[in-house]
>>> print(open('structure07.pdb').read())   # PDB, C-alpha atoms and all ligand atoms
ATOM      1  CA  MET A1411      34.889 -18.652  46.188
ATOM      2  CA  ASN A1412      33.773 -17.375  42.822
ATOM      3  CA  HIS A1413      30.331 -18.772  41.906
ATOM      4  CA  SER A1414      31.661 -19.992  38.550
ATOM      5  CA  ARG A1415      34.268 -22.230  40.259
ATOM      6  CA  ARG A1416      31.817 -25.079  40.402
ATOM      7  CA  PHE A1417      31.954 -25.236  36.625
ATOM      8  CA  VAL A1418      35.707 -24.899  36.160
ATOM      9  CA  VAL A1419      38.121 -27.795  36.529
ATOM     10  CA  LEU A1420      41.814 -26.996  36.108
ATOM     11  CA  GLN A1421      44.339 -29.582  35.020
ATOM     12  CA  ALA A1422      47.015 -29.891  37.748
ATOM     13  CA  GLU A1423      49.815 -28.457  35.608
ATOM     14  CA  VAL A1424      47.703 -25.425  34.670
ATOM     15  CA  ALA A1425      46.634 -24.835  38.272
ATOM     16  CA  THR A1426      50.262 -24.910  39.429
ATOM     17  CA  ALA A1427      51.423 -22.569  36.678
ATOM     18  CA  LEU A1428      48.678 -20.056  37.498
ATOM     19  CA  ARG A1429      49.405 -20.204  41.204
ATOM     20  CA  GLU A1430      53.098 -19.555  40.509
ATOM     21  CA  GLN A1431      52.194 -16.703  38.161
ATOM     22  CA  ARG A1432      53.804 -18.374  35.193
ATOM     23  CA  ALA A1433      52.662 -17.734  31.634
ATOM     24  CA  VAL A1434      49.625 -19.749  30.520
ATOM     25  CA  VAL A1435      47.973 -19.682  27.086
ATOM     26  CA  ALA A1436      44.384 -20.812  26.515
ATOM     27  CA  LEU A1437      43.522 -22.665  23.286
ATOM     28  CA  GLU A1438      40.015 -23.271  21.943
ATOM     29  CA  SER A1439      38.350 -26.519  20.946
ATOM     30  CA  THR A1440      35.782 -25.585  18.294
ATOM     31  CA  ILE A1441      38.662 -25.360  15.859
ATOM     32  CA  ILE A1442      39.376 -29.033  16.735
ATOM     33  CA  SER A1443      35.820 -30.394  16.624
ATOM     34  CA  HIS A1444      34.219 -28.181  13.979
ATOM     35  CA  GLY A1445      36.972 -26.176  12.288
ATOM     36  CA  MET A1446      39.308 -28.779  10.785
ATOM     37  CA  PRO A1447      38.933 -32.328   9.407
ATOM     38  CA  TYR A1448      40.331 -35.401  11.166
ATOM     39  CA  PRO A1449      43.214 -36.282  11.537
ATOM     40  CA  ARG A1450      44.735 -32.848  10.871
ATOM     41  CA  ASN A1451      42.614 -31.388  13.683
ATOM     42  CA  LEU A1452      44.111 -33.746  16.262
ATOM     43  CA  GLU A1453      47.657 -33.322  14.969
ATOM     44  CA  THR A1454      47.212 -29.563  15.109
ATOM     45  CA  ALA A1455      45.719 -29.590  18.601
ATOM     46  CA  ARG A1456      48.741 -31.539  19.877
ATOM     47  CA  ASP A1457      51.163 -29.478  17.887
ATOM     48  CA  LEU A1458      49.796 -26.183  19.252
ATOM     49  CA  GLU A1459      50.340 -27.313  22.812
ATOM     50  CA  GLN A1460      53.917 -28.137  21.884
ATOM     51  CA  VAL A1461      54.425 -24.752  20.230
ATOM     52  CA  VAL A1462      53.186 -22.979  23.363
ATOM     53  CA  ARG A1463      55.555 -25.045  25.515
ATOM     54  CA  SER A1464      58.558 -24.444  23.261
ATOM     55  CA  ALA A1465      57.839 -20.731  23.462
ATOM     56  CA  GLY A1466      57.957 -20.846  27.265
ATOM     57  CA  ALA A1467      54.326 -21.020  28.409
ATOM     58  CA  VAL A1468      51.912 -23.683  29.636
ATOM     59  CA  PRO A1469      49.084 -24.583  27.216
ATOM     60  CA  ALA A1470      45.501 -24.898  28.452
ATOM     61  CA  THR A1471      43.135 -26.239  25.819
ATOM     62  CA  ILE A1472      39.574 -25.557  26.941
ATOM     63  CA  ALA A1473      36.408 -27.597  26.323
ATOM     64  CA  ILE A1474      33.359 -28.741  28.284
ATOM     65  CA  LEU A1475      33.340 -32.321  29.557
ATOM     66  CA  ASP A1476      31.202 -33.935  32.264
ATOM     67  CA  GLY A1477      29.381 -30.723  33.042
ATOM     68  CA  SER A1478      32.321 -28.352  33.568
ATOM     69  CA  PHE A1479      34.805 -26.225  31.724
ATOM     70  CA  ARG A1480      37.964 -28.310  31.526
ATOM     71  CA  VAL A1481      41.024 -26.091  31.433
ATOM     72  CA  GLY A1482      43.867 -28.243  30.142
ATOM     73  CA  LEU A1483      43.010 -31.580  28.511
ATOM     74  CA  SER A1484      44.582 -35.020  28.533
ATOM     75  CA  ALA A1485      45.661 -36.764  25.310
ATOM     76  CA  ASP A1486      42.541 -38.957  25.457
ATOM     77  CA  GLU A1487      40.276 -35.965  25.918
ATOM     78  CA  LEU A1488      41.836 -34.175  22.939
ATOM     79  CA  GLU A1489      41.254 -37.286  20.871
ATOM     80  CA  GLN A1490      37.626 -37.519  22.000
ATOM     81  CA  LEU A1491      37.035 -33.936  20.855
ATOM     82  CA  ALA A1492      38.791 -34.529  17.536
ATOM     83  CA  THR A1493      36.955 -37.746  16.654
ATOM     84  CA  GLY A1494      33.596 -37.449  18.428
ATOM     85  CA  THR A1495      30.527 -37.147  16.208
ATOM     86  CA  ASP A1496      28.305 -35.882  19.019
ATOM     87  CA  VAL A1497      30.354 -32.892  20.201
ATOM     88  CA  MET A1498      28.282 -29.715  20.625
ATOM     89  CA  LYS A1499      29.562 -26.370  19.381
ATOM     90  CA  ALA A1500      29.145 -24.202  22.469
ATOM     91  CA  SER A1501      29.160 -20.425  22.486
ATOM     92  CA  ARG A1502      28.075 -18.226  25.435
ATOM     93  CA  ARG A1503      24.376 -19.018  25.174
ATOM     94  CA  ASP A1504      24.948 -22.793  25.045
ATOM     95  CA  LEU A1505      26.913 -23.031  28.288
ATOM     96  CA  GLY A1506      23.992 -23.722  30.625
ATOM     97  CA  ILE A1507      22.682 -26.659  28.635
ATOM     98  CA  ALA A1508      26.188 -27.960  27.969
ATOM     99  CA  PHE A1509      26.955 -28.021  31.709
ATOM    100  CA  ALA A1510      23.581 -29.403  32.773
ATOM    101  CA  SER A1511      23.335 -32.102  30.076
ATOM    102  CA  ARG A1512      26.967 -33.167  30.645
ATOM    103  CA  ARG A1513      27.376 -33.562  26.902
ATOM    104  CA  PRO A1514      30.845 -33.014  25.487
ATOM    105  CA  ALA A1515      31.092 -29.562  23.937
ATOM    106  CA  ALA A1516      33.761 -27.741  22.004
ATOM    107  CA  THR A1517      34.040 -24.086  22.974
ATOM    108  CA  THR A1518      34.005 -21.219  20.486
ATOM    109  CA  VAL A1519      36.170 -18.157  20.952
ATOM    110  CA  ALA A1520      33.405 -16.577  23.075
ATOM    111  CA  ALA A1521      32.966 -19.606  25.329
ATOM    112  CA  THR A1522      36.717 -20.222  25.569
ATOM    113  CA  MET A1523      37.189 -16.609  26.712
ATOM    114  CA  ILE A1524      34.617 -17.189  29.469
ATOM    115  CA  GLY A1525      36.401 -20.378  30.575
ATOM    116  CA  ALA A1526      39.832 -18.761  30.407
ATOM    117  CA  HIS A1527      38.695 -15.777  32.447
ATOM    118  CA  ALA A1528      37.056 -17.991  35.067
ATOM    119  CA  ALA A1529      40.365 -19.862  35.377
ATOM    120  CA  GLY A1530      42.437 -16.669  35.623
ATOM    121  CA  ILE A1531      44.061 -16.896  32.161
ATOM    122  CA  ARG A1532      44.458 -13.649  30.228
ATOM    123  CA  VAL A1533      45.880 -14.760  26.883
ATOM    124  CA  PHE A1534      44.210 -17.010  24.349
ATOM    125  CA  ALA A1535      45.446 -18.074  20.920
ATOM    126  CA  THR A1536      43.134 -18.999  18.056
ATOM    127  CA  GLY A1537      43.185 -18.867  14.256
ATOM    128  CA  GLY A1538      40.516 -16.308  13.569
ATOM    129  CA  THR A1539      37.517 -15.126  15.546
ATOM    130  CA  GLY A1540      33.954 -14.986  14.329
ATOM    131  CA  GLY A1541      32.677 -11.616  13.157
ATOM    132  CA  VAL A1542      30.079  -9.819  11.086
ATOM    133  CA  HIS A1543      29.085 -12.056   8.186
ATOM    134  CA  ARG A1544      28.804 -10.928   4.606
ATOM    135  CA  GLY A1545      25.128 -10.272   3.907
ATOM    136  CA  VAL A1546      24.507  -9.076   7.465
ATOM    137  CA  GLU A1547      22.031  -6.534   6.062
ATOM    138  CA  THR A1548      19.569  -9.367   5.511
ATOM    139  CA  THR A1549      20.730 -12.113   7.900
ATOM    140  CA  MET A1550      21.808 -10.087  10.965
ATOM    141  CA  ASP A1551      24.483 -12.756  11.453
ATOM    142  CA  VAL A1552      27.074 -11.346  13.856
ATOM    143  CA  SER A1553      29.175 -13.809  15.854
ATOM    144  CA  ALA A1554      28.760 -13.774  19.638
ATOM    145  CA  ASP A1555      32.584 -13.651  19.725
ATOM    146  CA  LEU A1556      32.442  -9.890  19.139
ATOM    147  CA  GLN A1557      30.208  -9.188  22.149
ATOM    148  CA  GLU A1558      32.424 -11.424  24.242
ATOM    149  CA  LEU A1559      35.462  -9.382  23.275
ATOM    150  CA  ALA A1560      33.552  -6.362  24.589
ATOM    151  CA  ARG A1561      32.759  -7.874  27.968
ATOM    152  CA  THR A1562      35.415 -10.401  29.029
ATOM    153  CA  PRO A1563      38.975  -9.311  29.861
ATOM    154  CA  VAL A1564      41.032 -11.771  27.811
ATOM    155  CA  ALA A1565      43.427 -10.932  24.955
ATOM    156  CA  VAL A1566      42.715 -13.050  21.867
ATOM    157  CA  VAL A1567      45.614 -13.542  19.465
ATOM    158  CA  SER A1568      44.434 -14.118  15.893
ATOM    159  CA  ALA A1569      45.586 -13.770  12.293
ATOM    160  CA  GLY A1570      42.823 -11.248  11.697
ATOM    161  CA  VAL A1571      39.495 -12.492  10.388
ATOM    162  CA  LYS A1572      38.690 -14.507   7.298
ATOM    163  CA  SER A1573      37.062 -12.842   4.398
ATOM    164  CA  ILE A1574      34.146 -15.265   4.788
ATOM    165  CA  LEU A1575      33.275 -12.280   6.986
ATOM    166  CA  ASP A1576      32.705  -8.631   6.214
ATOM    167  CA  ILE A1577      36.008  -7.409   7.619
ATOM    168  CA  ARG A1578      35.198  -3.706   7.386
ATOM    169  CA  ARG A1579      31.949  -4.100   9.321
ATOM    170  CA  THR A1580      33.616  -6.416  11.833
ATOM    171  CA  LEU A1581      36.120  -3.665  12.637
ATOM    172  CA  GLU A1582      33.336  -1.061  12.863
ATOM    173  CA  TYR A1583      31.407  -3.267  15.269
ATOM    174  CA  LEU A1584      34.471  -3.725  17.470
ATOM    175  CA  GLU A1585      35.001   0.029  17.537
ATOM    176  CA  THR A1586      31.386   0.664  18.553
ATOM    177  CA  PHE A1587      31.630  -1.803  21.428
ATOM    178  CA  GLY A1588      34.927  -0.418  22.654
ATOM    179  CA  VAL A1589      37.145  -3.389  21.842
ATOM    180  CA  PRO A1590      40.804  -2.497  21.349
ATOM    181  CA  VAL A1591      42.172  -4.026  18.141
ATOM    182  CA  TYR A1592      45.959  -4.201  18.109
ATOM    183  CA  GLY A1593      48.143  -4.977  15.127
ATOM    184  CA  LEU A1594      51.410  -6.513  16.249
ATOM    185  CA  ARG A1595      54.085  -5.158  13.912
ATOM    186  CA  THR A1596      51.492  -4.522  11.207
ATOM    187  CA  GLU A1597      49.671  -1.390  10.106
ATOM    188  CA  GLU A1598      47.240  -3.334   7.966
ATOM    189  CA  PHE A1599      44.626  -5.604   9.507
ATOM    190  CA  PRO A1600      45.425  -9.131   8.271
ATOM    191  CA  ALA A1601      42.797 -11.312   6.592
ATOM    192  CA  PHE A1602      43.690 -14.775   7.910
ATOM    193  CA  TYR A1603      44.941 -16.557   4.739
ATOM    194  CA  THR A1604      46.546 -13.365   3.483
ATOM    195  CA  ARG A1605      48.456 -10.577   5.175
ATOM    196  CA  HIS A1606      46.293  -7.953   3.515
ATOM    197  CA  SER A1607      42.742  -6.691   3.904
ATOM    198  CA  GLY A1608      43.274  -3.165   2.665
ATOM    199  CA  LEU A1609      42.041  -1.896   6.057
ATOM    200  CA  PRO A1610      44.187  -0.139   8.648
ATOM    201  CA  VAL A1611      44.737  -1.603  12.103
ATOM    202  CA  PRO A1612      43.332   0.786  14.727
ATOM    203  CA  LEU A1613      46.236   0.407  17.209
ATOM    204  CA  VAL A1614      49.731  -0.550  16.084
ATOM    205  CA  VAL A1615      52.252  -2.005  18.566
ATOM    206  CA  GLU A1616      55.850  -2.880  17.769
ATOM    207  CA  SER A1617      56.511  -5.494  20.453
ATOM    208  CA  VAL A1618      54.771  -7.844  22.858
ATOM    209  CA  ALA A1619      56.222  -5.747  25.703
ATOM    210  CA  GLU A1620      54.460  -2.642  24.402
ATOM    211  CA  LEU A1621      51.266  -4.651  23.987
ATOM    212  CA  ALA A1622      51.531  -6.158  27.475
ATOM    213  CA  ALA A1623      51.965  -2.699  29.021
ATOM    214  CA  ALA A1624      48.836  -1.448  27.224
ATOM    215  CA  LEU A1625      46.766  -4.494  28.257
ATOM    216  CA  ASN A1626      47.855  -4.330  31.889
ATOM    217  CA  ALA A1627      47.140  -0.589  31.955
ATOM    218  CA  GLN A1628      43.669  -1.170  30.493
ATOM    219  CA  TRP A1629      42.823  -3.851  33.040
ATOM    220  CA  ASP A1630      44.459  -2.074  35.994
ATOM    221  CA  ALA A1631      42.372   0.966  35.107
ATOM    222  CA  GLY A1632      39.246  -1.161  35.461
ATOM    223  CA  ILE A1633      38.367  -1.336  31.769
ATOM    224  CA  ARG A1634      37.019  -4.842  31.744
ATOM    225  CA  SER A1635      36.800  -5.562  28.030
ATOM    226  CA  GLY A1636      38.959  -7.986  26.117
ATOM    227  CA  ALA A1637      41.257  -7.180  23.220
ATOM    228  CA  LEU A1638      41.773  -8.518  19.742
ATOM    229  CA  VAL A1639      45.416  -8.916  18.782
ATOM    230  CA  ALA A1640      46.115  -9.406  15.093
ATOM    231  CA  THR A1641      49.348 -10.857  13.802
ATOM    232  CA  PRO A1642      49.599 -11.761  10.112
ATOM    233  CA  ILE A1643      50.206 -15.240   8.703
ATOM    234  CA  PRO A1644      53.962 -15.736   8.061
ATOM    235  CA  GLU A1645      54.941 -14.596   4.562
ATOM    236  CA  GLY A1646      55.940 -18.006   3.235
ATOM    237  CA  ASP A1647      52.598 -19.540   4.219
ATOM    238  CA  GLU A1648      50.331 -16.858   2.785
ATOM    239  CA  LEU A1649      47.832 -17.823   0.084
ATOM    240  CA  GLN A1650      47.449 -15.661  -2.983
ATOM    241  CA  HIS A1651      44.610 -13.189  -2.475
ATOM    242  CA  GLY A1652      42.743 -13.760  -5.768
ATOM    243  CA  TYR A1653      42.976 -17.536  -5.441
ATOM    244  CA  ILE A1654      41.474 -17.794  -1.956
ATOM    245  CA  GLU A1655      38.975 -14.992  -2.552
ATOM    246  CA  ALA A1656      37.407 -16.870  -5.471
ATOM    247  CA  ILE A1657      37.065 -19.980  -3.318
ATOM    248  CA  ILE A1658      35.523 -18.034  -0.440
ATOM    249  CA  GLU A1659      33.023 -16.390  -2.766
ATOM    250  CA  ARG A1660      31.986 -19.764  -4.103
ATOM    251  CA  ALA A1661      31.578 -21.198  -0.578
ATOM    252  CA  VAL A1662      29.532 -18.181   0.550
ATOM    253  CA  ALA A1663      27.262 -18.504  -2.521
ATOM    254  CA  GLU A1664      26.740 -22.217  -1.832
ATOM    255  CA  ALA A1665      25.808 -21.533   1.781
ATOM    256  CA  GLU A1666      23.259 -19.005   0.615
ATOM    257  CA  ARG A1667      21.789 -21.379  -1.960
ATOM    258  CA  GLU A1668      21.532 -24.162   0.614
ATOM    259  CA  ALA A1669      20.046 -21.734   3.184
ATOM    260  CA  ILE A1670      22.663 -22.576   5.805
ATOM    261  CA  SER A1671      22.403 -20.305   8.834
ATOM    262  CA  GLY A1672      22.969 -19.975  12.567
ATOM    263  CA  LYS A1673      25.802 -21.882  14.191
ATOM    264  CA  GLN A1674      26.121 -24.214  11.160
ATOM    265  CA  LEU A1675      27.265 -21.458   8.840
ATOM    266  CA  THR A1676      30.876 -20.983   9.970
ATOM    267  CA  PRO A1677      31.703 -24.751  10.082
ATOM    268  CA  PHE A1678      30.072 -25.194   6.647
ATOM    269  CA  LEU A1679      32.168 -22.408   5.111
ATOM    270  CA  LEU A1680      35.397 -23.631   6.722
ATOM    271  CA  GLY A1681      34.769 -27.174   5.459
ATOM    272  CA  ARG A1682      33.940 -26.084   1.916
ATOM    273  CA  ILE A1683      37.013 -23.870   1.711
ATOM    274  CA  VAL A1684      39.228 -26.822   2.667
ATOM    275  CA  GLU A1685      37.548 -29.003   0.009
ATOM    276  CA  LEU A1686      37.595 -26.394  -2.745
ATOM    277  CA  SER A1687      41.262 -25.586  -2.112
ATOM    278  CA  GLY A1688      42.255 -29.261  -2.091
ATOM    279  CA  GLY A1689      43.588 -28.845   1.443
ATOM    280  CA  ARG A1690      45.755 -25.815   0.736
ATOM    281  CA  SER A1691      43.674 -23.602   3.001
ATOM    282  CA  LEU A1692      44.106 -26.144   5.783
ATOM    283  CA  GLU A1693      47.899 -25.952   5.587
ATOM    284  CA  ALA A1694      47.747 -22.153   5.706
ATOM    285  CA  ASN A1695      45.348 -22.388   8.652
ATOM    286  CA  VAL A1696      47.716 -24.660  10.576
ATOM    287  CA  ALA A1697      50.687 -22.381   9.850
ATOM    288  CA  LEU A1698      48.948 -19.239  11.054
ATOM    289  CA  VAL A1699      47.511 -20.762  14.202
ATOM    290  CA  ARG A1700      50.966 -22.099  15.129
ATOM    291  CA  ASN A1701      52.343 -18.605  14.684
ATOM    292  CA  ASN A1702      49.550 -17.203  16.862
ATOM    293  CA  ALA A1703      50.258 -19.768  19.595
ATOM    294  CA  ARG A1704      53.917 -18.728  19.641
ATOM    295  CA  VAL A1705      53.045 -15.026  19.809
ATOM    296  CA  ALA A1706      50.487 -15.687  22.552
ATOM    297  CA  ALA A1707      53.115 -17.523  24.615
ATOM    298  CA  GLN A1708      55.430 -14.525  24.281
ATOM    299  CA  LEU A1709      52.598 -12.153  25.200
ATOM    300  CA  ALA A1710      51.665 -14.204  28.278
ATOM    301  CA  GLN A1711      55.279 -13.964  29.474
ATOM    302  CA  ALA A1712      55.418 -10.254  28.725
ATOM    303  CA  LEU A1713      52.228  -9.701  30.772
ATOM    304  CA  GLU A1714      53.780 -11.464  33.756
ATOM    305  CA  ALA A1715      57.034  -9.518  33.382
ATOM    306  CA  ASP A1716      55.198  -6.209  33.060
ATOM    307  CA  ALA A1717      53.043  -6.940  36.120
ATOM    308  CA  ALA A1718      56.134  -7.928  38.146
ATOM    309  CA  ALA A1719      57.927  -4.724  37.123
ATOM    310  CA  ALA A1720      54.906  -2.624  38.132
ATOM    311  CA  GLU A1721      54.841  -4.440  41.478
ATOM    312  CA  ASN A1722      58.530  -3.582  42.055
ATOM    313  CA  ASP A1723      57.895   0.084  41.314
ATOM    314  CA  ARG A1724      55.385   0.299  44.141
TER     315      ARG A1724
HETATM  316  N1  LIG A1801      36.944 -18.884  12.237
HETATM  317  C1  LIG A1801      37.914 -19.683  11.784
HETATM  318  N2  LIG A1801      38.075 -20.928  12.311
HETATM  319  C2  LIG A1801      37.254 -21.391  13.309
HETATM  320  C3  LIG A1801      36.234 -20.514  13.804
HETATM  321  C4  LIG A1801      36.115 -19.285  13.241
HETATM  322  O1  LIG A1801      38.652 -19.280  10.904
HETATM  323  O2  LIG A1801      37.412 -22.536  13.764
HETATM  324  C5  LIG A1801      35.373 -20.980  14.929
HETATM  325  C6  LIG A1801      35.825 -20.336  16.247
HETATM  326  O3  LIG A1801      35.644 -21.260  17.300
HETATM  327  C7  LIG A1801      34.854 -19.183  16.403
HETATM  328  C8  LIG A1801      33.598 -19.789  15.838
HETATM  329  O4  LIG A1801      34.680 -18.739  17.735
HETATM  330  O5  LIG A1801      34.040 -20.538  14.717
HETATM  331  C9  LIG A1801      32.605 -18.720  15.443
HETATM  332  O6  LIG A1801      31.387 -19.299  15.122
HETATM  333  P1  LIG A1801      30.129 -18.369  14.833
HETATM  334  O7  LIG A1801      30.462 -17.643  13.560
HETATM  335  O8  LIG A1801      28.997 -19.336  14.703
HETATM  336  O9  LIG A1801      29.997 -17.466  16.018
HETATM  337 MN    MN A1802      26.520 -16.609  13.482
END
>>> encode(input="structure07.pdb", output="structure tokens")
Amino acid sequence: MNHSRRFVVLQAEVATALREQRAVVALESTIISHGMPYPRNLETARDLEQVVRSAGAVPATIAILDGSFRVGLSADELEQLATGTDVMKASRRDLGIAFASRRPAATTVAATMIGAHAAGIRVFATGGTGGVHRGVETTMDVSADLQELARTPVAVVSAGVKSILDIRRTLEYLETFGVPVYGLRTEEFPAFYTRHSGLPVPLVVESVAELAAALNAQWDAGIRSGALVATPIPEGDELQHGYIEAIIERAVAEAEREAISGKQLTPFLLGRIVELSGGRSLEANVALVRNNARVAAQLAQALEADAAAAENDR
């Protein structure tokens, strides 16, 4: 028995799917508790599970409740995370206290990767990961998500990263730490609300099958890092670059003026962007995360198919 088992509780449906080697997609909970306002957060959390199902995989939303990672949540538990005022934001370093205190905690990309890996799930859909913040020269603010991508073998499907971050430096950091960054049918790294960042994607793949073969090869070869998969927001849902950029700049300036730092910074920026855009950013966010959930479900199936084909070749 793996020592982490004590802290991982699988929902029955998820456990069965994993045992039968069916496709499972992990979903995070910080986006629910700290990334979107109520009630859109709850609607989106439910909707994402439905999108994963419709695309042929089993959803496993991950959070920490009663002292363990919960992999797959009930409707009541989702609601608790969406409405609770006392929900911790837990990244890697917060896990010990979250387990021991038995407080409810929403998991960031980093913590969700740890929970997914402990459960045996290899694909995880989110909106955007954390990264290197603008102003890193003075703040040294680099999300723990990036180190997690370097050390935990889970593929994270995203719409790129928001330009609340320094996208160029985020990509440099990922290169330094050996994290593969794949663009699915895109040569340009997407910037969350827009399809364009002006920066090239390091590794371009044309299909989920090609991506699955590369991921399985990486892991079979014993390269135990994760991977960042970037797929752009659908064209019709994209926000205009100049419009959203002005809003982001204003939010970043406000955060600086109010000296907001540490784990509060990302939720503050996300909240201000929703307010300043009159909710338009929220609709774009929902659209892109739905798209990511669908792609992740396809990728999870492709990974199973690729592994089965490799097994047959032996
Ligand atoms: N970026 C988004 N939406 C989010 C987050 C990031 O566009 O909801 C959340 C994710 O859970 C991510 C976390 O893992 O914020 C990163 O926080 P920090 O920058 O404090 O590491
Ligand atoms: Mn940070």
>>> residues_near_ligand(input="structure07.pdb", ligand="ligand MN 1802 (chain A)", cutoff="8 Å", atoms="all atoms listed in the file", output="ChimeraX atom specification")
/A:1540-1541,1543,1551-1554,1671-1676
>>> closest_residue(input="structure07.pdb", among="A:Ala1436, A:Ala1627, A:Ala1712, A:Ile1474", to="Val1418 (chain A)", atoms="all atoms listed in the file")
A:Ile1474
>>> atom_distance(input="structure07.pdb", atom1="CA of Gln1421 (chain A)", atom2="CA of Arg1513 (chain A)")
19.2 Å
>>> closest_atom_pairs(input="structure07.pdb", of="chain A", to="ligand LIG 1801 (chain A)", cutoff="9 Å", atoms="all atoms listed in the file", output="Markdown table")
| residue | atom | partner | partner_atom | distance |
| --- | --- | --- | --- | --- |
| A:Glu1438 | CA | A:LIG1801 | O3 | 6.7 |
| A:Ser1439 | CA | A:LIG1801 | O3 | 6.9 |
| A:Thr1440 | CA | A:LIG1801 | O3 | 4.4 |
| A:Ile1441 | CA | A:LIG1801 | O2 | 3.7 |
| A:Ile1442 | CA | A:LIG1801 | O2 | 7.4 |
| A:Ser1443 | CA | A:LIG1801 | O2 | 8.5 |
| A:His1444 | CA | A:LIG1801 | O2 | 6.5 |
| A:Gly1445 | CA | A:LIG1801 | O2 | 4.0 |
| A:Met1446 | CA | A:LIG1801 | O2 | 7.2 |
| A:Lys1499 | CA | A:LIG1801 | O3 | 8.2 |
| A:Ala1500 | CA | A:LIG1801 | O3 | 8.8 |
| A:Ser1501 | CA | A:LIG1801 | O9 | 7.2 |
| A:Ala1516 | CA | A:LIG1801 | O3 | 8.2 |
| A:Thr1517 | CA | A:LIG1801 | O3 | 6.5 |
| A:Thr1518 | CA | A:LIG1801 | O3 | 3.6 |
| A:Val1519 | CA | A:LIG1801 | O4 | 3.6 |
| A:Ala1520 | CA | A:LIG1801 | O4 | 5.9 |
| A:Ala1521 | CA | A:LIG1801 | O4 | 7.8 |
| A:Thr1522 | CA | A:LIG1801 | O4 | 8.2 |
| A:Thr1536 | CA | A:LIG1801 | C6 | 7.6 |
| A:Gly1537 | CA | A:LIG1801 | O1 | 5.7 |
| A:Gly1538 | CA | A:LIG1801 | O1 | 4.4 |
| A:Thr1539 | CA | A:LIG1801 | C7 | 4.9 |
| A:Gly1540 | CA | A:LIG1801 | C9 | 4.1 |
| A:Gly1541 | CA | A:LIG1801 | O7 | 6.4 |
| A:Val1542 | CA | A:LIG1801 | O7 | 8.2 |
| A:His1543 | CA | A:LIG1801 | O7 | 7.9 |
| A:Asp1551 | CA | A:LIG1801 | O7 | 8.0 |
| A:Val1552 | CA | A:LIG1801 | O9 | 7.1 |
| A:Ser1553 | CA | A:LIG1801 | O9 | 3.8 |
| A:Ala1554 | CA | A:LIG1801 | O9 | 5.3 |
| A:Asp1555 | CA | A:LIG1801 | O4 | 5.9 |
| A:Leu1556 | CA | A:LIG1801 | O9 | 8.6 |
| A:Ala1569 | CA | A:LIG1801 | O1 | 9.0 |
| A:Val1571 | CA | A:LIG1801 | O1 | 6.9 |
| A:Lys1572 | CA | A:LIG1801 | O1 | 6.0 |
| A:Ile1574 | CA | A:LIG1801 | O1 | 8.6 |
| A:Leu1575 | CA | A:LIG1801 | O7 | 8.9 |
| A:Phe1602 | CA | A:LIG1801 | O1 | 7.4 |
| A:Ser1671 | CA | A:LIG1801 | O8 | 8.9 |
| A:Gly1672 | CA | A:LIG1801 | O8 | 6.4 |
| A:Lys1673 | CA | A:LIG1801 | O8 | 4.1 |
| A:Gln1674 | CA | A:LIG1801 | O8 | 6.7 |
| A:Leu1675 | CA | A:LIG1801 | O8 | 6.5 |
| A:Thr1676 | CA | A:LIG1801 | O7 | 4.9 |
| A:Pro1677 | CA | A:LIG1801 | O5 | 6.7 |
| A:Leu1680 | CA | A:LIG1801 | N2 | 6.8 |
| A:Asn1695 | CA | A:LIG1801 | O1 | 7.7 |
>>> residues_around(input="structure07.pdb", residues="region 1604-1617 of chain A", least_positions_apart="6", cutoff="7 Å", atoms="only C-alpha atoms", output="compact mmCIF listing (two decimals) with C-alpha atoms, keeping the file's coordinate frame")
# COMPACT_ATOMS: atom_id res chain seq x y z
CA VAL A 1591 42.17 -4.03 18.14
CA TYR A 1592 45.96 -4.20 18.11
CA GLY A 1593 48.14 -4.98 15.13
CA LEU A 1594 51.41 -6.51 16.25
CA ARG A 1595 54.08 -5.16 13.91
CA THR A 1596 51.49 -4.52 11.21
CA GLU A 1597 49.67 -1.39 10.11
CA GLU A 1598 47.24 -3.33 7.97
CA PRO A 1642 49.60 -11.76 10.11
CA ILE A 1643 50.21 -15.24 8.70
CA GLU A 1648 50.33 -16.86 2.78
CA LEU A 1649 47.83 -17.82 0.08
CA GLN A 1650 47.45 -15.66 -2.98
CA HIS A 1651 44.61 -13.19 -2.48
>>> atom_distance(input="structure07.pdb", atom1="CA of Thr1562 (chain A)", atom2="CA of Pro1590 (chain A)")
12.3 Å
>>> closest_residue(input="structure07.pdb", among="A:Ala1528, A:Gly1636, A:Met1498, A:Ile1577", to="Arg1544 (chain A)", atoms="all atoms listed in the file")
A:Ile1577
>>> closest_residue(input="structure07.pdb", among="A:Ser1573, A:Ser1484, A:Gln1431, A:Thr1426", to="Glu1655 (chain A)", atoms="only C-alpha atoms")
A:Ser1573
>>> residues_around(input="structure07.pdb", residues="Val1566 (chain A)", least_positions_apart="3", cutoff="8 Å", atoms="all atoms listed in the file", output="number ranges by chain")
A: 1533-1536, 1636-1639
>>> closest_residue(input="structure07.pdb", among="A:Ala1717, A:Ile1683, A:Ala1703, A:Leu1437", to="Trp1629 (chain A)", atoms="only C-alpha atoms")
A:Ala1717
>>> atom_distance(input="structure07.pdb", atom1="CA of Ala1663 (chain A)", atom2="CA of Thr1493 (chain A)")
28.8 Å
>>> closest_residue(input="structure07.pdb", among="A:Ala1473, A:Ala1707, A:Ile1658, A:Ala1492", to="Ala1515 (chain A)", atoms="only C-alpha atoms")
A:Ala1473
>>> closest_residue(input="structure07.pdb", among="A:Asn1451, A:Gln1490, A:Asn1702, A:Ser1691", to="Thr1641 (chain A)", atoms="all atoms listed in the file")
A:Asn1702
>>> residues_near_point(input="structure07.pdb", point="(36.3, -28.3, 33.2)", cutoff="10 Å", atoms="all atoms listed in the file", output="ChimeraX atom specification")
/A:1415-1421,1472-1483,1509,1525,1529
>>> decode(input="structure07.pdb", residues="region 1510-1514 of chain A", atoms="C-alpha atoms", output="compact mmCIF listing (two decimals), in the first residue's frame")
# COMPACT_ATOMS: atom_id res chain seq x y z
CA ALA A 1510 -4.40 17.41 10.05
CA SER A 1511 -6.84 20.25 10.82
CA ARG A 1512 -9.63 18.56 8.83
CA ARG A 1513 -10.65 21.94 7.47
CA PRO A 1514 -12.26 22.01 4.05
